[in-house]
Structure formats: C-alpha cells, structure tokens
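For reference, the structure is listed below as structure tokens.
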Amino acid sequence: MSVTLTINGNRTDTVNGVSLFEHAEQLGVRVPTSCRKNGKCKECIVEVTDGLHLLSPPTDAESHLKDRFRLSCQCFITGTDGDIKCHTMRRGQMRIERHALGLPTSGKKIPLDPCVTRDGDRILLDGVEIDRSTGPIHGIAMDLGTTTCVLRLLNLETGELIADASFENPQRFGGSDVMSRIHYDTTVGQFLLMRTLAGYLTHAIESFPVDPKSIYEMVVVGNSTMRDIFFRQDVYPIGQTPYRSITEIEMADGKRTTTALTQTAAKSLLPIHPKARVYGGPIISGHVGADAAACMLAIDIANEDRLVAVMDIGTNTELILGNKDKILAASCPAGPAFEGGAIACGMPGLDGAIEDVRIDDATGEIRVGVIGNQPPEGICGSGLVDLMSELLRTGRMNEFGRFEDGSTRVTLDERRDIFFLESDVNELAQAKGANVAGLQTVASNYGVSFDDIDVFYLAGGFGRHLSVDASRRIGLIPNLPNEKIVQVGNAAIEGACIALLSKAKRQELEQLVRRVEHCRLETHPSFFDFFVEGCQFKPVETATERVG
Ligand code: FES
C-alpha cells in the first residue's frame, strides 16, 4: 500500500511524515515562500483536489484557510493508501521583453509624459524630488484580476517594455469570485488577502531584471473589489446593494474629487522605492472598475466616432458600448469558468494548459495544443471554448450542452488523467449565458442591435488566443463578421501602461469615467430571458429584433 502525490501534474510516491512542501521540492516544483517553512509567510498555499483525508489535520497557522486549501509546509502525509492531487497557486510565466509598447488599436504613439521625471541625477515625482540616481527609472503597470494578475515593467524615460509577469491570483483561497472575497476580507480581516498577494508581488518584482528601487511609480487597475482590497479599503459596501465602492460613496458625499486612489509603496508592502507612488485607477461605478476604465483608455473611446463594443471576458466580465458621445458600461459576474475555475481539470492560461483542441472528423481522435509545448496539466479558457465548439461541430454535444452518446466525460489525456465533464458544460453555459445576456442588456439600453456595432473588441487575458470561429459557434460572442471583430488581448493592462506613461492620459481617464453611464444588469426586465437563451450553445443572432 502506498500514497502517490501528483502536484502540478508531477507524480511521485510519498514518504509518511514528510510535508507536501518537501515533496514538491523533491519534484522540482517551485512553491512560493518567504519564511522558514514554519507557517509564517502564508504563501505556500496549495489546493488539494483529491486525497485531503491522507494529510495531517490543519494547524493553527492555517486557520485562515478553508475547504481544500492548505499550507504545504504545514501538512504531512499521514495516510497509507491512496492518491493525493494538488497544485500550487501557480506562479505563472515571466517574460523578458525589450520592445516598444504595442497599443492595440490606434497605432498612435502615446506622448511620453510620465509623473516621474529626471533633472540631472534628481528623480522627481510630480516635480518633487524623491531620490537621486543616474540609473534608468522604471514603473510598473498591473492588472489585478480576480483570477489572474499581470504585471508589466516599463522604462519611464523611453516607454520601453522591459519585462512582464503573470500569475494566478493567490487570493483564491478566499473564494473564486468577488462576492466571496468581500465576505472573506470583511469577516476574517487582518488584510490577509492583500498580504498574501503582496508576498507574490514581491517575488515577481524581485525577479525583474532591474533594481526594484529604480521603480518609482506603479499603476494598478482591477475590478472595484480587487482594487480596493489591494488598497486596504473597506470592501463591505461593494458587496451590499447598491454595490458601491467606498471611494464612490465618498465622492458622492463630496469628500473626494475622484475615485482614483494613491498610496506609498511602503504602505503597499512592495519592495519598490519606498517613496514611489502606487496609483489605483478610477473606477466607473459599482462593480464596473478600474480595469474597464483602463480598457476604454486602451481603445481610445474618448476620440471614437464609430460605435464600438468591448467584451473583456473574465471572472467578472466587463462590457462597454459606445463612442465619444455616449458610453454605457456594465459588469457581469460570469464566474471563473472561462478562466479555468470551477472546472474539474481547469486551469488559467499559463504553461501546461491545453489551449486548443481539434477532433478528427474521420477517427474522432482528440488532438490538443498545450501552452509552452509541455505535457498538459489542465485546460484553460480558450481550450474549453475550442473543445465545446468541436464537440458541437462533430455532433457529440447538443445545443443544450448534453453529451449525445450518453457518457458524462470526455478524456483529453488518459495518461495524465485530464478530462472534461458534462457537469463542466453547465458551469460554462452559465458563464456564457451571463456574458451574452449582459451584452444584450447593454445593447438594449443603448437602443441598438448587434448589427449596429462597427467594431467588436474581444479582450481579456485569453481573448487574444480565443478562436473567433469557435466563440461564434458556441454563442460566446455575437455572430458578427470577421472584419468587425478585433482581438485585443489584455486591454486593461494596455490602458494601465498608458496611464503610467502619460499624465495627460491619466487625467483624461479620470474625466472619462464621469461620463460613463453604468448599466445595472440586475434591474433590466429582460436580463433573465437573455440569460436563459444565452445558456444554449448556438450562434447569437445579431438582427435588430433580437435585442431589446
Ligand atoms: S512556507 Fe511560509 S507559510 Fe509555508
């Protein structure tokens, strides 16, 4: 009898009394840590998906964790027979890049006008000296998503992109959606979500190929909850109707002039220059946050004549519709399914994720493509969209999401036990239904049909790699012609970079958010009908009579 352990897809036999952390080390799996494996740093979190009963009981150091989450340095193998499966909060990829920032749409060069400037060896923030140095000066843009965190390091004097990093948001132990994070943050307290994230950010920043003390400003965007947790604001009001951030409430009361936030690096617990400023982009309203605002900056909607739509798919999908004259925005709690959450073998779009799927018409054989060309560990959002499209195309799944052969699972990789369940389809159907219903509601409020949209920006971490054909086939996006659909990738991080490099654009952003009308999906009379229809896997009609 023996206990096997599979961690991040690597399998080994275990030794009784040895911790998960030590087993991971032996397997060469890197586990985040900043302590002596004594339960202090709280960074070594793993999610145990199988075999929880084969581990020692939680210690006091783990009292902040619930369900399947454990600190890997605190749990030891105690069982004698069975399989344990777990994974770290994945650290993700780091890419070192050196090129000019490529903005998605306009191709116009953003005038370099950062808040941090140099006068000889004097480093100035808004004209006030904060340091002396002759070396390069840097800034960080961050898109803090519910599921994924993306950082970009820029040279503030040249606008050059130096490096980027992305990793799974480790706050997932506090729940996978914004409402559970709000509940966690307001009931457990002690800023544990923020402190855990700060540990991960510290590792990422220290891995950048520059001196962290040469980083003098950071721009943070994210949905209202993520941003406010990062800035240690009280997030309780965002979780209660009428769902308003504390900054929105204070602004309505005349206590502040913008919903943007600033604080010093020291308060943010980050290893950048202690006098650096951390700027949180302004939120729009309710759950429509600074990430949606940053998207608007990236697509230059303030100067747009055409009617454009943005669908930034994530755990919270952001929807924007408008042009320079009128803008509507909504936030749609679609859930984490398209980011790999709540799916049996789901994972974020990081190395090891199946990102494309083809089914051979003749043999029925399933072929997969994996990010990083390595053995698969799971399947990410673009892979899930491809898979469902292929199952539909080959008649193995019907438009209600049922498998036609009576089975309940599709095997993707037998050896590594990666599969897709019929119950996973339900999660994806609901996420898809919410996204489409949100878009239909916004169009209805705007008084237009999908046919009236001139440009449809498909944004989001996985938006760039998504197959447009597959997305249309399953009804994730409207049935618009190819020439109207533009895949812009992570528009929020692009917008954050613009706000970092240009003071003028940052001011424009703060003005722009005031002009946006917040479309509250939950109060629209047709939202539920749109949702029910949107849960089906079929193309979304675009004609006028189908909207409104
Ligand atoms: S390694 Fe620090 S808490 Fe486990």
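By order in the structure tokens, chains are A, B, ...; within a chain, residues start at 1; ligands start at 1, following the order shown.
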### Task
Within 6 Å of ligand 1, which residues show up when you count only C-alpha atoms and all ligand atoms? List them as a PyMOL selection string, please.
chain A and resi 33-35+37-44+71-73
### Task
Please give the complete set of residues from segment 80-219 of chain A that DSSP, run on the backbone, assigns to helix (DSSP H, G or I), formatted as a ChimeraX atom specification.
/A:170-174,178-187,192-207,212-214
For the selection just defined, write its residues with N, CA and C atoms to a file, as a JSON list (two decimals), in the first residue's frame.
[["chain", "number", "residue", "atom", "x", "y", "z"],
["A", 170, "PRO", "N", -3.21, 34.64, -5.94],
["A", 170, "PRO", "CA", -3.19, 33.67, -4.82],
["A", 170, "PRO", "C", -4.34, 33.88, -3.84],
["A", 171, "GLN", "N", -5.11, 34.95, -4.03],
["A", 171, "GLN", "CA", -6.23, 35.20, -3.11],
["A", 171, "GLN", "C", -7.37, 34.21, -3.31],
["A", 172, "ARG", "N", -7.17, 33.26, -4.19],
["A", 172, "ARG", "CA", -8.25, 32.31, -4.47],
["A", 172, "ARG", "C", -8.65, 31.51, -3.23],
["A", 173, "PHE", "N", -7.76, 31.43, -2.25],
["A", 173, "PHE", "CA", -8.16, 30.72, -1.02],
["A", 173, "PHE", "C", -9.30, 31.44, -0.31],
["A", 174, "GLY", "N", -9.52, 32.71, -0.67],
["A", 174, "GLY", "CA", -10.63, 33.46, -0.08],
["A", 174, "GLY", "C", -11.89, 33.37, -0.93],
["A", 178, "VAL", "N", -15.79, 37.66, -6.69],
["A", 178, "VAL", "CA", -15.59, 38.87, -5.89],
["A", 178, "VAL", "C", -16.44, 38.85, -4.62],
["A", 179, "MET", "N", -17.64, 38.29, -4.69],
["A", 179, "MET", "CA", -18.50, 38.30, -3.50],
["A", 179, "MET", "C", -17.88, 37.47, -2.36],
["A", 180, "SER", "N", -17.30, 36.31, -2.70],
["A", 180, "SER", "CA", -16.69, 35.54, -1.61],
["A", 180, "SER", "C", -15.42, 36.22, -1.09],
["A", 181, "ARG", "N", -14.70, 36.93, -1.96],
["A", 181, "ARG", "CA", -13.52, 37.67, -1.48],
["A", 181, "ARG", "C", -13.95, 38.79, -0.53],
["A", 182, "ILE", "N", -15.06, 39.45, -0.87],
["A", 182, "ILE", "CA", -15.56, 40.53, 0.01],
["A", 182, "ILE", "C", -15.92, 39.92, 1.36],
["A", 183, "HIS", "N", -16.61, 38.79, 1.31],
["A", 183, "HIS", "CA", -17.02, 38.13, 2.55],
["A", 183, "HIS", "C", -15.78, 37.76, 3.38],
["A", 184, "TYR", "N", -14.79, 37.19, 2.71],
["A", 184, "TYR", "CA", -13.56, 36.77, 3.40],
["A", 184, "TYR", "C", -12.86, 37.99, 4.02],
["A", 185, "ASP", "N", -12.71, 39.04, 3.21],
["A", 185, "ASP", "CA", -11.95, 40.21, 3.67],
["A", 185, "ASP", "C", -12.63, 40.90, 4.84],
["A", 186, "THR", "N", -13.97, 40.88, 4.83],
["A", 186, "THR", "CA", -14.66, 41.61, 5.89],
["A", 186, "THR", "C", -14.91, 40.74, 7.13],
["A", 187, "THR", "N", -14.83, 39.42, 6.98],
["A", 187, "THR", "CA", -15.06, 38.58, 8.17],
["A", 187, "THR", "C", -13.75, 38.09, 8.79],
["A", 192, "LEU", "N", -5.47, 39.74, 5.16],
["A", 192, "LEU", "CA", -4.75, 38.53, 4.74],
["A", 192, "LEU", "C", -4.70, 38.38, 3.23],
["A", 193, "LEU", "N", -5.77, 38.78, 2.55],
["A", 193, "LEU", "CA", -5.78, 38.67, 1.09],
["A", 193, "LEU", "C", -4.70, 39.57, 0.50],
["A", 194, "MET", "N", -4.67, 40.81, 0.98],
["A", 194, "MET", "CA", -3.68, 41.76, 0.48],
["A", 194, "MET", "C", -2.26, 41.31, 0.82],
["A", 195, "ARG", "N", -2.08, 40.83, 2.05],
["A", 195, "ARG", "CA", -0.72, 40.46, 2.47],
["A", 195, "ARG", "C", -0.21, 39.26, 1.69],
["A", 196, "THR", "N", -1.09, 38.31, 1.41],
["A", 196, "THR", "CA", -0.66, 37.15, 0.62],
["A", 196, "THR", "C", -0.27, 37.59, -0.78],
["A", 197, "LEU", "N", -1.10, 38.44, -1.38],
["A", 197, "LEU", "CA", -0.79, 38.92, -2.73],
["A", 197, "LEU", "C", 0.53, 39.69, -2.72],
["A", 198, "ALA", "N", 0.74, 40.51, -1.68],
["A", 198, "ALA", "CA", 1.97, 41.31, -1.62],
["A", 198, "ALA", "C", 3.20, 40.41, -1.63],
["A", 199, "GLY", "N", 3.11, 39.25, -0.97],
["A", 199, "GLY", "CA", 4.23, 38.30, -0.98],
["A", 199, "GLY", "C", 4.53, 37.83, -2.40],
["A", 200, "TYR", "N", 3.49, 37.49, -3.14],
["A", 200, "TYR", "CA", 3.67, 37.03, -4.52],
["A", 200, "TYR", "C", 4.20, 38.17, -5.40],
["A", 201, "LEU", "N", 3.65, 39.36, -5.19],
["A", 201, "LEU", "CA", 4.12, 40.50, -6.00],
["A", 201, "LEU", "C", 5.59, 40.79, -5.72],
["A", 202, "THR", "N", 5.97, 40.66, -4.45],
["A", 202, "THR", "CA", 7.37, 40.90, -4.09],
["A", 202, "THR", "C", 8.29, 39.95, -4.85],
["A", 203, "HIS", "N", 7.91, 38.67, -4.91],
["A", 203, "HIS", "CA", 8.74, 37.72, -5.67],
["A", 203, "HIS", "C", 8.82, 38.13, -7.14],
["A", 204, "ALA", "N", 7.67, 38.51, -7.70],
["A", 204, "ALA", "CA", 7.65, 38.87, -9.13],
["A", 204, "ALA", "C", 8.53, 40.10, -9.38],
["A", 205, "ILE", "N", 8.40, 41.10, -8.52],
["A", 205, "ILE", "CA", 9.16, 42.34, -8.72],
["A", 205, "ILE", "C", 10.65, 42.07, -8.54],
["A", 206, "GLU", "N", 10.99, 41.25, -7.55],
["A", 206, "GLU", "CA", 12.41, 40.96, -7.32],
["A", 206, "GLU", "C", 13.01, 40.10, -8.44],
["A", 207, "SER", "N", 12.14, 39.44, -9.21],
["A", 207, "SER", "CA", 12.64, 38.65, -10.33],
["A", 207, "SER", "C", 12.86, 39.49, -11.59],
["A", 212, "PRO", "N", 14.82, 46.84, -7.94],
["A", 212, "PRO", "CA", 13.45, 47.24, -7.56],
["A", 212, "PRO", "C", 13.38, 48.69, -7.07],
["A", 213, "LYS", "N", 14.49, 49.18, -6.53],
["A", 213, "LYS", "CA", 14.47, 50.56, -6.01],
["A", 213, "LYS", "C", 14.50, 51.60, -7.14],
["A", 214, "SER", "N", 14.67, 51.13, -8.39],
["A", 214, "SER", "CA", 14.59, 52.06, -9.52],
["A", 214, "SER", "C", 13.15, 52.15, -10.05]]
### Query
Neighbours of Ala292 of chain A within 12 Å (only C-alpha atoms; same-chain residues fewer than 6 positions away dropped), as an MDAnalysis selection string?
chainID A and resid 143:145 221:224 281:286 298:299 301 309:314 316:321 327:332 459:460 490:496 509 512:513 516 518
### Task
Please identify all polymer residues within 9 Å of Phe419 of chain A, counting only C-alpha atoms, omitting same-chain residues fewer than 3 positions from it, and present them as JSON, numbers by chain.
{"A": [344, 345, 378, 379, 409, 410, 411, 412, 413, 414]}
Would you write out those residues with C-alpha atoms, as a compact mmCIF listing (two decimals), in the first residue's frame?
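The result, stored in again-v6.txt:
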# COMPACT_ATOMS: atom_id res chain seq x y z
CA ALA A 344 -12.72 19.67 -12.97
CA CYS A 345 -9.42 19.92 -14.89
CA GLY A 378 -5.20 21.05 -17.32
CA ILE A 379 -7.32 23.03 -19.74
CA ARG A 409 -16.96 12.70 -19.62
CA VAL A 410 -14.57 13.26 -22.49
CA THR A 411 -10.97 12.15 -21.95
CA LEU A 412 -8.35 14.61 -23.18
CA ASP A 413 -5.18 12.96 -21.89
CA GLU A 414 -5.54 9.50 -20.49
### Message
Rounded to one decimal, what separation in Å do you get between atom CA of Glu377 of chain A and atom CA of Gln26 of chain A?
### Response
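So the answer is 18.5 Å.
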### Message
Taking 3 positions as the minimum chain separation for residues in the same chain, which residues sit within 12 Å of Ser407 of chain A when counting only C-alpha atoms? Answer as a VMD selection string.
### Response
chain A and resid 396 to 397 402 to 404 410 to 411 420 to 423
### Message
Which residues are close to Gly17 of chain A, i.e. within 9 Å by only C-alpha atoms, leaving aside same-chain residues fewer than 2 positions away? Reply as a ChimeraX atom specification.
### Response
/A:15,19,56,75-78
### Task
Among the residues of segment 253-324 of chain A, find those DSSP assigns to strand (DSSP E) from the backbone and print them as a ChimeraX atom specification.
/A:261-264,277-280,308-312,317-322
For those residues, write N, CA and C atoms to a file as a compact mmCIF listing (two decimals), in the first residue's frame.
# COMPACT_ATOMS: atom_id res chain seq x y z
N LEU A 261 -7.20 56.16 -6.39
CA LEU A 261 -6.57 56.07 -5.07
C LEU A 261 -5.06 56.17 -5.21
N THR A 262 -4.41 56.71 -4.21
CA THR A 262 -2.94 56.70 -4.21
C THR A 262 -2.44 56.33 -2.81
N GLN A 263 -1.29 55.69 -2.79
CA GLN A 263 -0.61 55.44 -1.52
C GLN A 263 0.88 55.22 -1.81
N THR A 264 1.68 55.17 -0.77
CA THR A 264 3.11 54.97 -0.98
C THR A 264 3.41 53.48 -1.13
N ARG A 277 5.07 56.08 -5.78
CA ARG A 277 3.62 56.21 -5.62
C ARG A 277 2.94 55.00 -6.25
N VAL A 278 1.93 54.51 -5.56
CA VAL A 278 1.09 53.45 -6.14
C VAL A 278 -0.26 54.09 -6.41
N TYR A 279 -0.64 54.08 -7.68
CA TYR A 279 -1.85 54.77 -8.12
C TYR A 279 -2.89 53.73 -8.53
N GLY A 280 -4.05 53.79 -7.94
CA GLY A 280 -5.16 52.89 -8.32
C GLY A 280 -6.07 53.63 -9.26
N VAL A 308 -18.47 51.25 -30.85
CA VAL A 308 -17.59 50.12 -30.52
C VAL A 308 -18.11 49.41 -29.27
N ALA A 309 -17.86 48.12 -29.23
CA ALA A 309 -18.21 47.32 -28.05
C ALA A 309 -16.95 46.64 -27.56
N VAL A 310 -16.84 46.52 -26.24
CA VAL A 310 -15.73 45.77 -25.65
C VAL A 310 -16.32 44.69 -24.76
N MET A 311 -15.87 43.47 -24.96
CA MET A 311 -16.23 42.39 -24.05
C MET A 311 -14.92 41.86 -23.48
N ASP A 312 -14.67 42.19 -22.24
CA ASP A 312 -13.42 41.78 -21.59
C ASP A 312 -13.76 40.60 -20.69
N THR A 317 -16.86 39.79 -16.08
CA THR A 317 -16.72 40.28 -17.46
C THR A 317 -17.12 41.75 -17.52
N GLU A 318 -16.26 42.56 -18.15
CA GLU A 318 -16.56 43.98 -18.31
C GLU A 318 -17.14 44.19 -19.69
N LEU A 319 -18.19 44.98 -19.77
CA LEU A 319 -18.84 45.25 -21.04
C LEU A 319 -18.92 46.76 -21.24
N ILE A 320 -18.50 47.22 -22.40
CA ILE A 320 -18.54 48.65 -22.71
C ILE A 320 -19.14 48.79 -24.10
N LEU A 321 -20.00 49.78 -24.27
CA LEU A 321 -20.58 50.03 -25.59
C LEU A 321 -20.69 51.54 -25.76
N GLY A 322 -20.21 52.05 -26.89
CA GLY A 322 -20.37 53.48 -27.10
C GLY A 322 -19.35 54.07 -28.04
### Message
Between atom CA of Ile238 of chain A and atom CA of Gly346 of chain A, what is the distance in Å, rounded to a tenth?
### Response
28.2 Å
### Task
Tell me which of A:Arg358, A:Asp351, A:Glu517, A:Asp405 sits closest to Gln374 of chain A, counting only C-alpha atoms.
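Looking at the shortest contact to Gln374 of chain A, the residue is A:Asp351.
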## Note on the structure
In terms of only C-alpha atoms, the residue from A:His287, A:His273, A:Arg393, A:Arg515 at minimal distance from Gly139 of chain A is A:His273
### Message
From the options A:Gly395, A:Pro376, A:Pro478, A:Gly341, which residue's atoms come nearest to Gly364 of chain A, counting only C-alpha atoms?
### Response
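The shortest atom-to-atom distance to Gly364 of chain A comes from A:Gly395.
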### Query
From the set A:Gly381, A:Met388, A:Val150, A:Met296, which residue has the shortest atom-to-atom contact distance to Lys324 of chain A, counting only C-alpha atoms?
A:Met296
### Using only C-alpha atoms: which of A:Asp83, A:Asp67, A:Glu129, A:Glu541 has the shortest distance to Ser449 of chain A
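Comparing A:Asp83, A:Asp67, A:Glu129, A:Glu541 against Ser449 of chain A, the winner is A:Glu541.
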